[in-house]
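What's in query-v6.pdb: PDB, C-alpha atoms and all ligand atoms
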MODEL        1
ATOM      1  CA  MET E  31     -29.805  -9.281 -19.728  1.00  0.00           C
ATOM      2  CA  SER E  32     -32.755  -7.161 -20.706  1.00  0.00           C
ATOM      3  CA  ASN E  33     -33.344  -5.940 -17.155  1.00  0.00           C
ATOM      4  CA  GLY E  34     -30.339  -3.600 -17.425  1.00  0.00           C
ATOM      5  CA  SER E  35     -27.728  -5.895 -15.904  1.00  0.00           C
ATOM      6  CA  LYS E  36     -24.528  -5.719 -17.915  1.00  0.00           C
ATOM      7  CA  VAL E  37     -20.813  -6.286 -18.148  1.00  0.00           C
ATOM      8  CA  ILE E  38     -18.467  -3.529 -19.270  1.00  0.00           C
ATOM      9  CA  HIS E  39     -15.421  -5.261 -20.673  1.00  0.00           C
ATOM     10  CA  SER E  40     -12.012  -3.741 -20.130  1.00  0.00           C
ATOM     11  CA  ASP E  41      -8.749  -3.732 -22.016  1.00  0.00           C
ATOM     12  CA  ASN E  42      -5.647  -2.228 -20.467  1.00  0.00           C
ATOM     13  CA  TYR E  43      -7.488   0.182 -18.143  1.00  0.00           C
ATOM     14  CA  ARG E  44      -9.963   1.299 -20.805  1.00  0.00           C
ATOM     15  CA  TRP E  45     -13.605   0.264 -20.684  1.00  0.00           C
ATOM     16  CA  GLN E  46     -15.733  -0.503 -23.710  1.00  0.00           C
ATOM     17  CA  GLY E  47     -18.149   2.259 -24.600  1.00  0.00           C
ATOM     18  CA  VAL E  48     -17.002   4.530 -21.782  1.00  0.00           C
ATOM     19  CA  GLU E  49     -15.405   7.876 -22.573  1.00  0.00           C
ATOM     20  CA  LYS E  50     -12.589   9.533 -20.671  1.00  0.00           C
ATOM     21  CA  LYS E  51     -13.737  12.738 -19.017  1.00  0.00           C
ATOM     22  CA  GLU E  52     -12.121  15.822 -17.626  1.00  0.00           C
ATOM     23  CA  TYR E  53     -11.217  15.190 -14.014  1.00  0.00           C
ATOM     24  CA  LYS E  54     -12.998  18.315 -12.855  1.00  0.00           C
ATOM     25  CA  THR E  55     -14.226  21.319 -14.678  1.00  0.00           C
ATOM     26  CA  ASP E  56     -14.705  23.701 -11.748  1.00  0.00           C
ATOM     27  CA  THR E  57     -11.226  23.803 -10.215  1.00  0.00           C
ATOM     28  CA  GLN E  58      -7.623  23.821 -11.406  1.00  0.00           C
ATOM     29  CA  ASN E  59      -5.685  22.474  -8.451  1.00  0.00           C
ATOM     30  CA  PHE E  60      -4.769  19.127  -9.997  1.00  0.00           C
ATOM     31  CA  ARG E  61      -2.364  17.795 -12.601  1.00  0.00           C
ATOM     32  CA  ASP E  62      -2.379  14.996 -15.180  1.00  0.00           C
ATOM     33  CA  ILE E  63      -5.413  13.077 -14.008  1.00  0.00           C
ATOM     34  CA  HIS E  64      -8.458  11.783 -15.842  1.00  0.00           C
ATOM     35  CA  ARG E  65     -11.774  10.289 -14.771  1.00  0.00           C
ATOM     36  CA  VAL E  66     -13.931   7.531 -16.226  1.00  0.00           C
ATOM     37  CA  SER E  67     -17.505   7.051 -14.995  1.00  0.00           C
ATOM     38  CA  LEU E  68     -18.145   3.310 -14.972  1.00  0.00           C
ATOM     39  CA  LEU E  69     -21.459   2.819 -13.165  1.00  0.00           C
ATOM     40  CA  GLY E  70     -24.157   5.002 -11.726  1.00  0.00           C
ATOM     41  CA  ASP E  71     -24.427   7.954 -14.102  1.00  0.00           C
ATOM     42  CA  GLU E  72     -27.426   6.517 -15.940  1.00  0.00           C
ATOM     43  CA  ILE E  73     -28.338   3.642 -13.612  1.00  0.00           C
ATOM     44  CA  ARG E  74     -30.721   5.260 -11.186  1.00  0.00           C
ATOM     45  CA  GLU E  75     -31.174   2.052  -9.189  1.00  0.00           C
ATOM     46  CA  LEU E  76     -27.660   2.475  -7.830  1.00  0.00           C
ATOM     47  CA  ASN E  77     -27.203   4.632  -4.772  1.00  0.00           C
ATOM     48  CA  THR E  78     -23.511   4.863  -5.594  1.00  0.00           C
ATOM     49  CA  GLN E  79     -21.329   5.949  -8.483  1.00  0.00           C
ATOM     50  CA  THR E  80     -18.275   3.919  -9.461  1.00  0.00           C
ATOM     51  CA  ARG E  81     -15.492   5.861 -11.145  1.00  0.00           C
ATOM     52  CA  TYR E  82     -11.957   5.085 -12.301  1.00  0.00           C
ATOM     53  CA  PHE E  83      -9.295   7.739 -11.901  1.00  0.00           C
ATOM     54  CA  GLU E  84      -5.834   7.580 -13.369  1.00  0.00           C
ATOM     55  CA  ILE E  85      -3.011   9.939 -12.515  1.00  0.00           C
ATOM     56  CA  GLN E  86       0.021  10.102 -14.803  1.00  0.00           C
ATOM     57  CA  PRO E  87       3.532  10.100 -13.306  1.00  0.00           C
ATOM     58  CA  GLY E  88       4.134  13.391 -11.505  1.00  0.00           C
ATOM     59  CA  GLY E  89       0.442  14.216 -11.349  1.00  0.00           C
ATOM     60  CA  TYR E  90      -1.932  14.588  -8.426  1.00  0.00           C
ATOM     61  CA  SER E  91      -5.607  14.908  -7.586  1.00  0.00           C
ATOM     62  CA  SER E  92      -7.029  18.073  -6.075  1.00  0.00           C
ATOM     63  CA  LEU E  93      -6.444  18.754  -2.403  1.00  0.00           C
ATOM     64  CA  GLU E  94      -9.962  18.739  -0.981  1.00  0.00           C
ATOM     65  CA  ARG E  95     -12.333  17.813   1.796  1.00  0.00           C
ATOM     66  CA  HIS E  96     -16.042  17.022   1.967  1.00  0.00           C
ATOM     67  CA  ARG E  97     -18.675  15.369   4.099  1.00  0.00           C
ATOM     68  CA  HIS E  98     -19.098  12.264   1.917  1.00  0.00           C
ATOM     69  CA  PRO E  99     -16.653   9.366   2.362  1.00  0.00           C
ATOM     70  CA  HIS E 100     -14.661   7.602  -0.366  1.00  0.00           C
ATOM     71  CA  SER E 101     -14.167   3.855  -0.900  1.00  0.00           C
ATOM     72  CA  VAL E 102     -11.010   3.480  -2.986  1.00  0.00           C
ATOM     73  CA  VAL E 103      -9.309   0.415  -4.461  1.00  0.00           C
ATOM     74  CA  ILE E 104      -5.968   0.924  -6.177  1.00  0.00           C
ATOM     75  CA  ILE E 105      -5.858  -1.138  -9.368  1.00  0.00           C
ATOM     76  CA  ARG E 106      -2.828   0.234 -11.218  1.00  0.00           C
ATOM     77  CA  GLY E 107       0.656   1.283 -10.246  1.00  0.00           C
ATOM     78  CA  SER E 108       1.586   2.972  -7.014  1.00  0.00           C
ATOM     79  CA  GLY E 109       1.873   6.319  -5.321  1.00  0.00           C
ATOM     80  CA  THR E 110       1.074   8.186  -2.138  1.00  0.00           C
ATOM     81  CA  VAL E 111      -2.155   9.301  -0.505  1.00  0.00           C
ATOM     82  CA  VAL E 112      -2.387  12.218   1.927  1.00  0.00           C
ATOM     83  CA  LEU E 113      -5.026  11.557   4.593  1.00  0.00           C
ATOM     84  CA  GLY E 114      -5.243  14.530   6.884  1.00  0.00           C
ATOM     85  CA  ASN E 115      -2.031  14.724   8.855  1.00  0.00           C
ATOM     86  CA  GLU E 116      -0.626  11.500   7.410  1.00  0.00           C
ATOM     87  CA  MET E 117       0.769  10.320   4.117  1.00  0.00           C
ATOM     88  CA  VAL E 118       0.824   6.662   3.161  1.00  0.00           C
ATOM     89  CA  SER E 119       2.461   4.762   0.289  1.00  0.00           C
ATOM     90  CA  ILE E 120      -0.093   2.852  -1.773  1.00  0.00           C
ATOM     91  CA  LYS E 121       0.107   0.246  -4.512  1.00  0.00           C
ATOM     92  CA  SER E 122      -2.153  -1.900  -6.628  1.00  0.00           C
ATOM     93  CA  HIS E 123      -4.841  -3.778  -4.652  1.00  0.00           C
ATOM     94  CA  ASP E 124      -4.468  -1.639  -1.550  1.00  0.00           C
ATOM     95  CA  VAL E 125      -7.772  -0.335  -0.244  1.00  0.00           C
ATOM     96  CA  VAL E 126      -8.229   3.194   1.105  1.00  0.00           C
ATOM     97  CA  TYR E 127     -11.060   4.605   3.181  1.00  0.00           C
ATOM     98  CA  ILE E 128     -11.308   8.369   3.278  1.00  0.00           C
ATOM     99  CA  ALA E 129     -13.484   9.418   6.183  1.00  0.00           C
ATOM    100  CA  PRO E 130     -15.770  12.458   6.108  1.00  0.00           C
ATOM    101  CA  GLU E 131     -14.006  15.852   6.315  1.00  0.00           C
ATOM    102  CA  THR E 132     -10.521  14.387   5.847  1.00  0.00           C
ATOM    103  CA  ILE E 133      -8.261  16.562   3.711  1.00  0.00           C
ATOM    104  CA  HIS E 134      -6.972  14.214   0.996  1.00  0.00           C
ATOM    105  CA  GLN E 135      -4.861  14.105  -2.134  1.00  0.00           C
ATOM    106  CA  PHE E 136      -3.473  11.320  -4.343  1.00  0.00           C
ATOM    107  CA  HIS E 137       0.007  11.605  -5.864  1.00  0.00           C
ATOM    108  CA  ALA E 138       1.526   9.510  -8.659  1.00  0.00           C
ATOM    109  CA  ASP E 139       5.027  10.069  -7.325  1.00  0.00           C
ATOM    110  CA  ARG E 140       6.691   6.773  -8.256  1.00  0.00           C
ATOM    111  CA  GLU E 141       7.368   7.349 -11.944  1.00  0.00           C
ATOM    112  CA  GLU E 142       4.355   5.242 -12.920  1.00  0.00           C
ATOM    113  CA  GLU E 143       0.622   5.711 -13.247  1.00  0.00           C
ATOM    114  CA  LEU E 144      -1.595   5.554 -10.196  1.00  0.00           C
ATOM    115  CA  GLY E 145      -5.032   4.174 -11.110  1.00  0.00           C
ATOM    116  CA  PHE E 146      -7.883   3.590  -8.698  1.00  0.00           C
ATOM    117  CA  ILE E 147     -11.562   2.815  -8.471  1.00  0.00           C
ATOM    118  CA  CYS E 148     -13.434   5.301  -6.274  1.00  0.00           C
ATOM    119  CA  ILE E 149     -17.013   4.686  -5.151  1.00  0.00           C
ATOM    120  CA  VAL E 150     -19.119   7.543  -3.818  1.00  0.00           C
ATOM    121  CA  ASP E 151     -22.721   8.128  -2.816  1.00  0.00           C
ATOM    122  CA  ARG E 152     -24.884   9.347  -5.669  1.00  0.00           C
ATOM    123  CA  TYR E 153     -26.130  12.276  -3.570  1.00  0.00           C
ATOM    124  CA  ARG E 154     -23.194  13.990  -1.950  1.00  0.00           C
ATOM    125  CA  ASP E 155     -21.830  17.363  -1.001  1.00  0.00           C
ATOM    126  CA  ARG E 156     -19.430  19.239  -3.238  1.00  0.00           C
ATOM    127  CA  PRO E 157     -15.723  19.045  -2.443  1.00  0.00           C
ATOM    128  CA  VAL E 158     -14.240  22.117  -0.795  1.00  0.00           C
ATOM    129  CA  ILE E 159     -10.670  23.223  -1.375  1.00  0.00           C
ATOM    130  CA  PRO E 160      -9.189  24.005   2.032  1.00  0.00           C
ATOM    131  CA  ASP E 161      -7.844  27.517   2.447  1.00  0.00           C
ATOM    132  CA  ASP E 162      -4.471  28.234   4.044  1.00  0.00           C
ATOM    133  CA  ALA E 163      -5.965  28.801   7.506  1.00  0.00           C
ATOM    134  CA  THR E 164      -7.710  25.429   7.400  1.00  0.00           C
ATOM    135  CA  ILE E 165      -4.571  23.689   6.209  1.00  0.00           C
ATOM    136  CA  GLN E 166      -2.561  25.297   9.017  1.00  0.00           C
ATOM    137  CA  LYS E 167      -5.096  24.163  11.575  1.00  0.00           C
ATOM    138  CA  GLU E 168      -5.513  20.602  10.319  1.00  0.00           C
ATOM    139  CA  ILE E 169      -2.054  19.703   9.084  1.00  0.00           C
ATOM    140  CA  THR E 170       0.866  19.989  11.462  1.00  0.00           C
ATOM    141  CA  SER E 171       3.169  17.418   9.872  1.00  0.00           C
ATOM    142  CA  LEU E 172       5.961  19.179   7.980  1.00  0.00           C
ATOM    143  CA  GLU E 173       6.302  16.115   5.752  1.00  0.00           C
ATOM    144  CA  VAL E 174       2.668  16.397   4.710  1.00  0.00           C
ATOM    145  CA  LEU E 175       2.849  20.184   4.318  1.00  0.00           C
ATOM    146  CA  ASN E 176       5.768  19.716   1.968  1.00  0.00           C
ATOM    147  CA  LYS E 177       3.907  17.039   0.035  1.00  0.00           C
ATOM    148  CA  ILE E 178       0.582  18.693  -0.669  1.00  0.00           C
ATOM    149  CA  LYS E 179      -0.011  20.667  -3.856  1.00  0.00           C
ATOM    150  CA  LYS E 180      -2.451  23.550  -3.621  1.00  0.00           C
TER     151      LYS E 180
HETATM  152 MN    MN E 201     -12.555  13.609  -2.634  1.00  0.00          MN
ENDMDL
END

Structure re-expressed in structure tokens:
Amino acid sequence: MSNGSKVIHSDNYRWQGVEKKEYKTDTQNFRDIHRVSLLGDEIRELNTQTRYFEIQPGGYSSLERHRHPHSVVIIRGSGTVVLGNEMVSIKSHDVVYIAPETIHQFHADREEELGFICIVDRYRDRPVIPDDATIQKEITSLEVLNKIKK
């Protein structure tokens, strides 16, 4: 496969030759989550980047919004995703679409890991952490307001 095609073998949610990374280095509004870049960092032919995220029990991703959409496939465990004014239980093999400008957050709230593949455009805007005024405007559900971690 000298043209760059390849297979990255996995073993128990680890991928050969791929290092775990910090989830984010520019914000702190998350807990017990790590990121693995699987495809797209060095492969310039791809217009997308394929990442694996894993949240440990009790952890959550950052509450954020941005213009670029997310394609997400849950591949480990279960949890909850906040999508704007809604929250939905998710489990392995469920598929999640996060539309542009939707405030979102993943929670591993079932006493097990929540692991998911997330595919994004290579060129994309930076996530923005919504301020309190934005949250008040966009989220009216008390259930969701009680769920989100800022
Ligand atoms: Mn996001």

Which of these, E:Ile178, E:Ile159, E:Val125, E:Ala138, has the shortest distance to ligand MN 201 (chain E) once you count all atoms listed in the file?
-> E:Ile159

Exercise: His123 of chain E partners within 7 Å, only C-alpha atoms, chain neighbours under 4 positions left out, as a PyMOL selection string | chain E and resi 103-105

Using only C-alpha atoms and all ligand atoms, determine which residues fall within 12 Å of ligand MN 201 (chain E), then list them as a PyMOL selection string.
-> chain E and resi 53-54+81+83+91-102+111-113+126-136+148-151+154-160

Mind dumping the selected residues with C-alpha atoms as an mmCIF file, keeping the file's coordinate frame?
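Output file out.cif is given in full below:
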data_model
loop_
_atom_site.group_PDB
_atom_site.id
_atom_site.type_symbol
_atom_site.label_atom_id
_atom_site.label_comp_id
_atom_site.auth_asym_id
_atom_site.auth_seq_id
_atom_site.Cartn_x
_atom_site.Cartn_y
_atom_site.Cartn_z
ATOM 1 C CA TYR E 53 -11.217 15.190 -14.014
ATOM 2 C CA LYS E 54 -12.998 18.315 -12.855
ATOM 3 C CA ARG E 81 -15.492 5.861 -11.145
ATOM 4 C CA PHE E 83 -9.295 7.739 -11.901
ATOM 5 C CA SER E 91 -5.607 14.908 -7.586
ATOM 6 C CA SER E 92 -7.029 18.073 -6.075
ATOM 7 C CA LEU E 93 -6.444 18.754 -2.403
ATOM 8 C CA GLU E 94 -9.962 18.739 -0.981
ATOM 9 C CA ARG E 95 -12.333 17.813 1.796
ATOM 10 C CA HIS E 96 -16.042 17.022 1.967
ATOM 11 C CA ARG E 97 -18.675 15.369 4.099
ATOM 12 C CA HIS E 98 -19.098 12.264 1.917
ATOM 13 C CA PRO E 99 -16.653 9.366 2.362
ATOM 14 C CA HIS E 100 -14.661 7.602 -0.366
ATOM 15 C CA SER E 101 -14.167 3.855 -0.900
ATOM 16 C CA VAL E 102 -11.010 3.480 -2.986
ATOM 17 C CA VAL E 111 -2.155 9.301 -0.505
ATOM 18 C CA VAL E 112 -2.387 12.218 1.927
ATOM 19 C CA LEU E 113 -5.026 11.557 4.593
ATOM 20 C CA VAL E 126 -8.229 3.194 1.105
ATOM 21 C CA TYR E 127 -11.060 4.605 3.181
ATOM 22 C CA ILE E 128 -11.308 8.369 3.278
ATOM 23 C CA ALA E 129 -13.484 9.418 6.183
ATOM 24 C CA PRO E 130 -15.770 12.458 6.108
ATOM 25 C CA GLU E 131 -14.006 15.852 6.315
ATOM 26 C CA THR E 132 -10.521 14.387 5.847
ATOM 27 C CA ILE E 133 -8.261 16.562 3.711
ATOM 28 C CA HIS E 134 -6.972 14.214 0.996
ATOM 29 C CA GLN E 135 -4.861 14.105 -2.134
ATOM 30 C CA PHE E 136 -3.473 11.320 -4.343
ATOM 31 C CA CYS E 148 -13.434 5.301 -6.274
ATOM 32 C CA ILE E 149 -17.013 4.686 -5.151
ATOM 33 C CA VAL E 150 -19.119 7.543 -3.818
ATOM 34 C CA ASP E 151 -22.721 8.128 -2.816
ATOM 35 C CA ARG E 154 -23.194 13.990 -1.950
ATOM 36 C CA ASP E 155 -21.830 17.363 -1.001
ATOM 37 C CA ARG E 156 -19.430 19.239 -3.238
ATOM 38 C CA PRO E 157 -15.723 19.045 -2.443
ATOM 39 C CA VAL E 158 -14.240 22.117 -0.795
ATOM 40 C CA ILE E 159 -10.670 23.223 -1.375
ATOM 41 C CA PRO E 160 -9.189 24.005 2.032
#

For the structure provided, state which residues fall under the PyMOL selection byres (((chain E and resi 121) around 8) and not hetatm), and present them as a PyMOL selection string.
-> chain E and resi 104-109+119-120+122-124+144

For atom CA of Ser35 of chain E and atom CA of Gly145 of chain E, the interatomic separation in Å (one decimal) |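 About the pair atom CA of Ser35 of chain E and atom CA of Gly145 of chain E: they are 25.3 Å apart.
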
Quote the spacing between atom CA of Thr170 of chain E and atom CA of His137 of chain E in Å to one decimal place.
-> 19.3 Å

On this structure, which residues satisfy the PyMOL selection byres (((chain E and resi 115) around 8) and not hetatm), written as a VMD selection string?
-> chain E and resid 112 to 114 116 to 117 168 to 171 174

Output the selection as a PDB file, in the coordinates of the input - C-alpha atoms for each residue.
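Below you can see out.pdb, which holds the result:
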ATOM      1  CA  VAL E 112      -2.387  12.218   1.927  1.00  0.00           C
ATOM      2  CA  LEU E 113      -5.026  11.557   4.593  1.00  0.00           C
ATOM      3  CA  GLY E 114      -5.243  14.530   6.884  1.00  0.00           C
ATOM      4  CA  GLU E 116      -0.626  11.500   7.410  1.00  0.00           C
ATOM      5  CA  MET E 117       0.769  10.320   4.117  1.00  0.00           C
ATOM      6  CA  GLU E 168      -5.513  20.602  10.319  1.00  0.00           C
ATOM      7  CA  ILE E 169      -2.054  19.703   9.084  1.00  0.00           C
ATOM      8  CA  THR E 170       0.866  19.989  11.462  1.00  0.00           C
ATOM      9  CA  SER E 171       3.169  17.418   9.872  1.00  0.00           C
ATOM     10  CA  VAL E 174       2.668  16.397   4.710  1.00  0.00           C
TER      11      VAL E 174
END

If you measure from atom CA of Gln46 of chain E to atom CA of Tyr82 of chain E, what distance in Å do you get, rounded to one decimal?
->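 Result for atom CA of Gln46 of chain E versus atom CA of Tyr82 of chain E: 13.3 Å, one decimal.
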
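Put simply, the PyMOL selection byres (((chain E and resi 50) around 9) and not hetatm) in this file takes in Arg44, Val48, Glu49, Lys51, Glu52, Tyr53, His64, Arg65, Val66 and Ser67 of chain E.
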
If you count only C-alpha atoms, the residue of E:Leu76, E:Ile63, E:Leu68, E:Leu175 closest to Gly89 of chain E turns out to be E:Ile63
